[in-house]
Amino acid sequence: MSRQRQDQLLAVLRREDSWATAASLADQLGVTPRSIRSYVAALNARTAGAVDSGPAGYRAGAGAATAAGKPDAQGTPRARLHRLIRTLVDEAEGIDVYDTALALHVSETTLENDLGRVRALLEGGRVALERDRDRVRLRGDEQALRRLLSRLAQDEMDAGPLRPEALQRALAPEAVPAAAIGPFKSALVRELGDLGYYVNELAISDVLLHITIAAERVAAGRALAERTDSASEAVRVVGSAIARLADQHFGVALGDGDREHLANLVLTRVVAPGEQPPADAARIVEAEVVQAVRAEIEQAARDYQVDLVDEAFIVRLALHVQNLLHRAQESAWTRNPLTQSLKSSYPMIFDVAVSIASGLHDRLGVPLQEDEIAYIAMHVGGRLERSRAADTILTATIVCPGYRELQELLHSSVDRSLGRLIEVVRVDTSMDPDWSAIDTDLVLSTIPAAGTDERVVRITPFLAEADIERVQQAAARIRRARRLSRLREELQRYFSADAFLSPVPDAGEETIIRMLGGMLTSAGLIGEDYISGTIERERMSSTAFTDALAVPHALQMTARRTAIAIGIADGSVAWGAGRVQVVALAAFSEDDRDAFQTVFEQLVEVFSERESVQRIVRRATGFDAFLDELVAVIDG
């Protein structure tokens, strides 16, 4: 367990990339500060310079990356499990339990325990562990065995970007040299571009994993059998390109079965539609898929009051969903390295994607995998970007006495450089304007303003780079102040002393949801159906949107009145794959649709700042103290 905790600590420090106190790290890992200090000592003993120490606490050191990818000389349980599975995959006739224990330098009891873990890992898949006295073997077709190798490699990468050295640890290094993986990827991206495809760089690493596994298996004499169905022209062309590059970089000759399989993976994972869908998209996408996507988009637009209904967007998303259905048929999932950052930075958009994915699951059987939901969130975010940007544009007045030519030049310069942030609605040419009568969000003035007004930004007549930066900073400050002001007003209305629990027990997500939901049920604000809906939503995708905060909620806005129940942990509680310090069960009503985005996104924003989290949690001795500290943080 301590080795696992050490790795978790290192992952947190690498992700934060800044100083962190032992107390804050202890809260995130659910241990004591003393344990954090011992983990740091152990990490630095394993790899010199893994963690830096200082007055401000700890941060990832120069040796952190090496420590993260360095296997323990003694062999961790995970490393031993991976080696055992690799041996089972390679030995088609199975392995002898006693000989294997001797080779791994472990007792027979330890190996028996490891075999139990192998069975648990294989549960629900298409590979089974069979045993005949002292001999054990894996049973499964080649496709299933390759998926198992893919899981091992993904486990090695720990949800991070694909690194050749991590991939190589899950493969046979003599078959796939680490030095060849990078050049192969670059060549593949270039080749697909030359073929006229738009390449999704987020997915290329995942497909690269499958290609290198295929190369390794073919080199070991485990090629895929030829498929009986006829391949399309696109599959033949892409398959030939992959085969040529595999021979060039890996020295492996791919057969027809592997060519077709890998080409299908590329075409359903890596090739993404651009801003406008292909002209023949209506022919490519099945009518049932387009109909289902359109229905869910229209439903999400109504539920969340967002601008989503657009024919080009619907067709683009339908193309993605159809590819997702093809991947689901082979249980070939695509990892998304941006999943967690999407959740923490754009929680409302991610929730819209969860709602759409849930509906598509009911209509088409689309799998509810979090990484796949994140790809849908990226489509939704791209569609909402324009309307969201329009909503954030501020009005501005230019105050610029002097020649008309100078005023027109300044106006056009502002439009060209700042048009996405502000809209100039007035130009005042007076040397002594009535400052109090100017009612725009910003005032861009070439002359000093009378008195003090935070809206006024002093600029030069020719709009220098420094002027642009000052206007951008002022616009960002105004937008943030407005958001937080709305949030403060709404939170004070939605919180209640009767729906506050401290400390919340570390009893699991569903138990905590029922405890917090029970408080709102007792107040007559929600029914048992809302609690059930919240648990169902949590099972689709964890609502831990930051390292400190979980916001469980139902997809349906059926609360009688919008309310939020708060649970404060004594340290932290397990939630999803991590731990959180605050749980905010949010119950939204139909009448408060407009508040959903404000409360949801800005509450996550407040709890994404480590110092703010620690201040609120440490001082929240009761409901009044919690609310006072939250409002103080919002006010800055």
# chains A, B, ... in the order shown; residues from 1 in each chain; ligands from 1
call {"tool": "residues_around", "arguments": {"residues": "Glu423 in chain A", "least_positions_apart": "6", "cutoff": "7 Å", "atoms": "only C-alpha atoms", "output": "JSON, numbers by chain"}}
result
{"A": [393, 394, 395, 396]}
call {"tool": "residues_around", "arguments": {"residues": "range 43-52 of chain A", "least_positions_apart": "6", "cutoff": "7 Å", "atoms": "only C-alpha atoms", "output": "VMD selection string"}}
result
chain A and resid 6 58 to 64 67
call {"tool": "closest_residue", "arguments": {"among": "A:Ala548, A:Ala559, A:Ala144, A:Leu516", "to": "Ser608 in chain A", "atoms": "only C-alpha atoms"}}
result
A:Ala548
call {"tool": "residues_around", "arguments": {"residues": "Asp132 in chain A", "least_positions_apart": "3", "cutoff": "12 Å", "atoms": "only C-alpha atoms", "output": "PyMOL selection string"}}
result
chain A and resi 93-97+129+135-138
call {"tool": "write_last_selection", "arguments": {"atoms": "C-alpha atoms", "output": "short mmCIF file (atom, residue, chain, number, x, y, z; two decimals), in the first residue's frame"}}
result
data_model
loop_
_atom_site.label_atom_id
_atom_site.label_comp_id
_atom_site.auth_asym_id
_atom_site.auth_seq_id
_atom_site.Cartn_x
_atom_site.Cartn_y
_atom_site.Cartn_z
CA GLU A 93 0.44 -23.92 -23.84
CA GLY A 94 0.37 -22.35 -20.38
CA ILE A 95 2.84 -22.07 -17.49
CA ASP A 96 3.83 -24.25 -14.56
CA VAL A 97 2.91 -22.61 -11.23
CA LEU A 129 -7.84 -18.33 -16.99
CA ARG A 135 -0.59 -25.75 -15.11
CA VAL A 136 -2.51 -22.56 -15.97
CA ARG A 137 -3.19 -20.98 -19.34
CA LEU A 138 -5.21 -18.22 -20.96
#
call {"tool": "select_by_dssp", "arguments": {"residues": "range 361-545 of chain A", "states": "alpha helix (DSSP H)", "output": "ChimeraX atom specification"}}
result
/A:361-364,370-391,404-418,465-494,509-522,528-540
call {"tool": "closest_residue", "arguments": {"among": "A:Ile204, A:Ala246, A:Ile535, A:Leu308", "to": "Pro337 in chain A", "atoms": "only C-alpha atoms"}}
result
A:Ile204
call {"tool": "closest_residue", "arguments": {"among": "A:Gln473, A:Asp467, A:Ile85, A:Tyr530", "to": "Glu454 in chain A", "atoms": "only C-alpha atoms"}}
result
A:Gln473
call {"tool": "residues_around", "arguments": {"residues": "Val631 in chain A", "least_positions_apart": "5", "cutoff": "12 Å", "atoms": "only C-alpha atoms", "output": "PyMOL selection string"}}
result
chain A and resi 484-492+495+603+606+612+615-616+620+624-626+636
call {"tool": "write_last_selection", "arguments": {"atoms": "N, CA, C and O atoms", "output": "PDB file, in the first residue's frame"}}
result
ATOM      1  N   LEU A 484     -18.950  36.043 -10.177  1.00  0.00           N
ATOM      2  CA  LEU A 484     -18.881  35.748  -8.756  1.00  0.00           C
ATOM      3  C   LEU A 484     -19.952  36.491  -7.972  1.00  0.00           C
ATOM      4  O   LEU A 484     -20.443  36.001  -6.952  1.00  0.00           O
ATOM      5  N   SER A 485     -20.331  37.669  -8.447  1.00  0.00           N
ATOM      6  CA  SER A 485     -21.404  38.400  -7.780  1.00  0.00           C
ATOM      7  C   SER A 485     -22.721  37.639  -7.895  1.00  0.00           C
ATOM      8  O   SER A 485     -23.467  37.495  -6.921  1.00  0.00           O
ATOM      9  N   ARG A 486     -22.992  37.120  -9.101  1.00  0.00           N
ATOM     10  CA  ARG A 486     -24.206  36.325  -9.283  1.00  0.00           C
ATOM     11  C   ARG A 486     -24.142  35.061  -8.440  1.00  0.00           C
ATOM     12  O   ARG A 486     -25.123  34.651  -7.821  1.00  0.00           O
ATOM     13  N   LEU A 487     -22.963  34.446  -8.422  1.00  0.00           N
ATOM     14  CA  LEU A 487     -22.800  33.224  -7.650  1.00  0.00           C
ATOM     15  C   LEU A 487     -23.051  33.470  -6.172  1.00  0.00           C
ATOM     16  O   LEU A 487     -23.732  32.699  -5.504  1.00  0.00           O
ATOM     17  N   ARG A 488     -22.505  34.557  -5.632  1.00  0.00           N
ATOM     18  CA  ARG A 488     -22.671  34.875  -4.218  1.00  0.00           C
ATOM     19  C   ARG A 488     -24.149  35.022  -3.864  1.00  0.00           C
ATOM     20  O   ARG A 488     -24.632  34.463  -2.878  1.00  0.00           O
ATOM     21  N   GLU A 489     -24.871  35.744  -4.699  1.00  0.00           N
ATOM     22  CA  GLU A 489     -26.297  35.949  -4.433  1.00  0.00           C
ATOM     23  C   GLU A 489     -27.066  34.627  -4.484  1.00  0.00           C
ATOM     24  O   GLU A 489     -27.929  34.371  -3.626  1.00  0.00           O
ATOM     25  N   GLU A 490     -26.740  33.800  -5.469  1.00  0.00           N
ATOM     26  CA  GLU A 490     -27.485  32.557  -5.638  1.00  0.00           C
ATOM     27  C   GLU A 490     -27.138  31.536  -4.561  1.00  0.00           C
ATOM     28  O   GLU A 490     -28.023  30.842  -4.048  1.00  0.00           O
ATOM     29  N   LEU A 491     -25.864  31.453  -4.192  1.00  0.00           N
ATOM     30  CA  LEU A 491     -25.478  30.489  -3.180  1.00  0.00           C
ATOM     31  C   LEU A 491     -26.115  30.804  -1.837  1.00  0.00           C
ATOM     32  O   LEU A 491     -26.543  29.906  -1.111  1.00  0.00           O
ATOM     33  N   GLN A 492     -26.193  32.066  -1.485  1.00  0.00           N
ATOM     34  CA  GLN A 492     -26.811  32.435  -0.214  1.00  0.00           C
ATOM     35  C   GLN A 492     -28.293  32.070  -0.207  1.00  0.00           C
ATOM     36  O   GLN A 492     -28.874  31.820   0.846  1.00  0.00           O
ATOM     37  N   PHE A 495     -28.232  27.700  -0.156  1.00  0.00           N
ATOM     38  CA  PHE A 495     -27.701  26.981   0.995  1.00  0.00           C
ATOM     39  C   PHE A 495     -28.629  27.077   2.193  1.00  0.00           C
ATOM     40  O   PHE A 495     -29.397  28.034   2.328  1.00  0.00           O
ATOM     41  N   LEU A 603     -19.032  27.432  -8.863  1.00  0.00           N
ATOM     42  CA  LEU A 603     -18.716  26.695  -7.639  1.00  0.00           C
ATOM     43  C   LEU A 603     -17.483  25.830  -7.880  1.00  0.00           C
ATOM     44  O   LEU A 603     -16.588  25.741  -7.028  1.00  0.00           O
ATOM     45  N   VAL A 606     -14.343  28.070  -7.835  1.00  0.00           N
ATOM     46  CA  VAL A 606     -13.877  28.434  -6.494  1.00  0.00           C
ATOM     47  C   VAL A 606     -13.076  27.298  -5.885  1.00  0.00           C
ATOM     48  O   VAL A 606     -12.010  27.506  -5.292  1.00  0.00           O
ATOM     49  N   SER A 612      -7.878  28.454  -1.693  1.00  0.00           N
ATOM     50  CA  SER A 612      -9.263  28.736  -1.326  1.00  0.00           C
ATOM     51  C   SER A 612      -9.900  27.529  -0.654  1.00  0.00           C
ATOM     52  O   SER A 612     -10.618  27.658   0.344  1.00  0.00           O
ATOM     53  N   ARG A 615      -8.601  27.140   2.904  1.00  0.00           N
ATOM     54  CA  ARG A 615      -9.160  28.184   3.770  1.00  0.00           C
ATOM     55  C   ARG A 615     -10.590  27.856   4.171  1.00  0.00           C
ATOM     56  O   ARG A 615     -10.954  27.946   5.340  1.00  0.00           O
ATOM     57  N   ILE A 616     -11.390  27.455   3.186  1.00  0.00           N
ATOM     58  CA  ILE A 616     -12.799  27.157   3.475  1.00  0.00           C
ATOM     59  C   ILE A 616     -12.918  25.936   4.380  1.00  0.00           C
ATOM     60  O   ILE A 616     -13.634  25.956   5.386  1.00  0.00           O
ATOM     61  N   ALA A 620     -14.286  26.055   8.260  1.00  0.00           N
ATOM     62  CA  ALA A 620     -15.728  25.761   8.216  1.00  0.00           C
ATOM     63  C   ALA A 620     -16.120  24.895   9.405  1.00  0.00           C
ATOM     64  O   ALA A 620     -16.449  23.723   9.260  1.00  0.00           O
ATOM     65  N   ASP A 624     -22.564  28.568   9.403  1.00  0.00           N
ATOM     66  CA  ASP A 624     -22.344  30.006   9.267  1.00  0.00           C
ATOM     67  C   ASP A 624     -20.898  30.306   8.903  1.00  0.00           C
ATOM     68  O   ASP A 624     -20.620  31.172   8.055  1.00  0.00           O
ATOM     69  N   ALA A 625     -19.965  29.595   9.538  1.00  0.00           N
ATOM     70  CA  ALA A 625     -18.551  29.810   9.234  1.00  0.00           C
ATOM     71  C   ALA A 625     -18.236  29.390   7.808  1.00  0.00           C
ATOM     72  O   ALA A 625     -17.468  30.063   7.102  1.00  0.00           O
ATOM     73  N   PHE A 626     -18.840  28.295   7.351  1.00  0.00           N
ATOM     74  CA  PHE A 626     -18.636  27.850   5.971  1.00  0.00           C
ATOM     75  C   PHE A 626     -19.107  28.902   4.986  1.00  0.00           C
ATOM     76  O   PHE A 626     -18.393  29.266   4.042  1.00  0.00           O
ATOM     77  N   GLY A 636     -12.932  37.736  -2.937  1.00  0.00           N
ATOM     78  CA  GLY A 636     -11.506  37.943  -3.180  1.00  0.00           C
ATOM     79  C   GLY A 636     -10.828  38.740  -2.093  1.00  0.00           C
ATOM     80  O   GLY A 636      -9.781  39.341  -2.316  1.00  0.00           O
TER      81      GLY A 636
END
call {"tool": "residues_around", "arguments": {"residues": "Gly567 in chain A", "least_positions_apart": "2", "cutoff": "9 Å", "atoms": "only C-alpha atoms", "output": "list of chain:residue names"}}
result
A:Ala499, A:Phe500, A:Leu501, A:Ser502, A:Pro503, A:Val504, A:Pro505, A:Ile512, A:Leu516, A:Ala565, A:Ala569, A:Gln581, A:Val582, A:Val583, A:Ala584, A:Leu585
call {"tool": "select_by_dssp", "arguments": {"residues": "range 14-80 of chain A", "states": "strand (DSSP E)", "output": "ChimeraX atom specification"}}
result
/A:51-54,57-60
call {"tool": "residues_around", "arguments": {"residues": "range 179-184 of chain A", "least_positions_apart": "5", "cutoff": "8 Å", "atoms": "only C-alpha atoms", "output": "JSON, numbers by chain"}}
result
{"A": [164, 212, 245, 246, 249, 250]}
call {"tool": "closest_atom_pairs", "arguments": {"of": "range 221-323 of chain A", "to": "range 206-211 of chain A", "cutoff": "12 Å", "atoms": "only C-alpha atoms", "output": "CSV"}}
result
residue,atom,partner,partner_atom,distance
A:Gly239,CA,A:Ile211,CA,11.1
A:Ile242,CA,A:Ile211,CA,8.4
A:Ala243,CA,A:Ile211,CA,9.8
A:Leu245,CA,A:Ile211,CA,10.6
A:Ala246,CA,A:Ile211,CA,8.3
A:Asp247,CA,A:Ile211,CA,11.9
A:His249,CA,A:Ile211,CA,11.8
A:Phe250,CA,A:Ile211,CA,10.5
A:Val252,CA,A:Ile211,CA,11.0
A:Leu254,CA,A:Ile211,CA,10.1
A:Asp258,CA,A:Ile211,CA,9.0
A:Arg259,CA,A:Ile211,CA,9.7
A:Glu260,CA,A:Ile211,CA,11.7
A:His261,CA,A:Ile211,CA,9.6
A:Leu262,CA,A:Ile211,CA,6.7
A:Ala263,CA,A:Ile211,CA,9.7
A:Asn264,CA,A:Val207,CA,10.3
A:Leu265,CA,A:Val207,CA,6.8
A:Val266,CA,A:Val207,CA,6.6
A:Leu267,CA,A:Val207,CA,10.1
A:Thr268,CA,A:Val207,CA,10.0
A:Arg269,CA,A:Val207,CA,7.3
A:Val270,CA,A:Val207,CA,7.4
A:Val271,CA,A:Val207,CA,10.9
call {"tool": "write_last_selection", "arguments": {"atoms": "N, CA and C atoms", "output": "tab-separated table (two decimals), in the first residue's frame"}}
result
chain	number	residue	atom	x	y	z
A	239	GLY	N	-4.82	0.76	-44.95
A	239	GLY	CA	-4.15	-0.46	-44.53
A	239	GLY	C	-2.80	-0.62	-45.20
A	242	ILE	N	-0.30	1.75	-43.51
A	242	ILE	CA	0.13	1.25	-42.20
A	242	ILE	C	1.13	0.11	-42.37
A	243	ALA	N	0.83	-0.80	-43.29
A	243	ALA	CA	1.71	-1.96	-43.51
A	243	ALA	C	3.09	-1.50	-43.99
A	245	LEU	N	4.59	1.38	-43.46
A	245	LEU	CA	5.30	2.04	-42.37
A	245	LEU	C	5.74	1.05	-41.31
A	246	ALA	N	4.92	0.04	-41.02
A	246	ALA	CA	5.30	-0.97	-40.03
A	246	ALA	C	6.52	-1.75	-40.50
A	247	ASP	N	6.58	-2.05	-41.79
A	247	ASP	CA	7.74	-2.75	-42.34
A	247	ASP	C	8.98	-1.86	-42.28
A	249	HIS	N	9.61	0.83	-40.22
A	249	HIS	CA	10.07	1.25	-38.88
A	249	HIS	C	10.23	0.09	-37.91
A	250	PHE	N	9.41	-0.97	-38.04
A	250	PHE	CA	9.47	-2.07	-37.09
A	250	PHE	C	10.05	-3.35	-37.71
A	252	VAL	N	8.38	-5.40	-39.58
A	252	VAL	CA	7.33	-6.41	-39.45
A	252	VAL	C	6.42	-6.35	-40.68
A	254	LEU	N	2.92	-7.01	-42.06
A	254	LEU	CA	1.54	-7.23	-41.63
A	254	LEU	C	0.75	-7.96	-42.72
A	258	ASP	N	-4.45	-8.17	-40.34
A	258	ASP	CA	-3.99	-7.05	-39.53
A	258	ASP	C	-4.13	-5.73	-40.25
A	259	ARG	N	-3.87	-5.71	-41.53
A	259	ARG	CA	-4.03	-4.48	-42.31
A	259	ARG	C	-5.46	-3.95	-42.20
A	260	GLU	N	-6.41	-4.85	-42.44
A	260	GLU	CA	-7.81	-4.42	-42.42
A	260	GLU	C	-8.24	-4.00	-41.02
A	261	HIS	N	-7.83	-4.77	-40.02
A	261	HIS	CA	-8.19	-4.44	-38.64
A	261	HIS	C	-7.65	-3.08	-38.24
A	262	LEU	N	-6.37	-2.83	-38.51
A	262	LEU	CA	-5.76	-1.57	-38.10
A	262	LEU	C	-6.29	-0.40	-38.91
A	263	ALA	N	-6.58	-0.62	-40.17
A	263	ALA	CA	-7.15	0.45	-41.00
A	263	ALA	C	-8.52	0.85	-40.46
A	264	ASN	N	-9.33	-0.13	-40.06
A	264	ASN	CA	-10.64	0.18	-39.48
A	264	ASN	C	-10.50	0.97	-38.18
A	265	LEU	N	-9.49	0.61	-37.37
A	265	LEU	CA	-9.25	1.36	-36.14
A	265	LEU	C	-8.92	2.81	-36.46
A	266	VAL	N	-8.05	3.03	-37.43
A	266	VAL	CA	-7.67	4.39	-37.81
A	266	VAL	C	-8.88	5.17	-38.30
A	267	LEU	N	-9.67	4.56	-39.17
A	267	LEU	CA	-10.80	5.26	-39.78
A	267	LEU	C	-11.93	5.53	-38.80
A	268	THR	N	-12.02	4.75	-37.71
A	268	THR	CA	-13.09	4.98	-36.74
A	268	THR	C	-12.61	5.70	-35.49
A	269	ARG	N	-11.30	5.97	-35.38
A	269	ARG	CA	-10.78	6.64	-34.18
A	269	ARG	C	-10.01	7.91	-34.50
A	270	VAL	N	-9.17	7.85	-35.50
A	270	VAL	CA	-8.22	8.92	-35.72
A	270	VAL	C	-8.73	9.96	-36.70
A	271	VAL	N	-9.49	9.53	-37.70
A	271	VAL	CA	-9.97	10.45	-38.72
A	271	VAL	C	-11.22	11.15	-38.21
call {"tool": "closest_residue", "arguments": {"among": "A:Ala577, A:Leu630, A:Ala41, A:Ala475", "to": "Ser541 in chain A", "atoms": "only C-alpha atoms"}}
result
A:Ala577
call {"tool": "atom_distance", "arguments": {"atom1": "CA of Gly57 in chain A", "atom2": "CA of Thr339 in chain A"}}
result
28.3 Å
call {"tool": "atom_distance", "arguments": {"atom1": "CA of Ala574 in chain A", "atom2": "CA of Asp547 in chain A"}}
result
10.8 Å
call {"tool": "closest_residue", "arguments": {"among": "A:Met519, A:Gly193, A:Ser496, A:His379", "to": "Phe623 in chain A", "atoms": "only C-alpha atoms"}}
result
A:Ser496
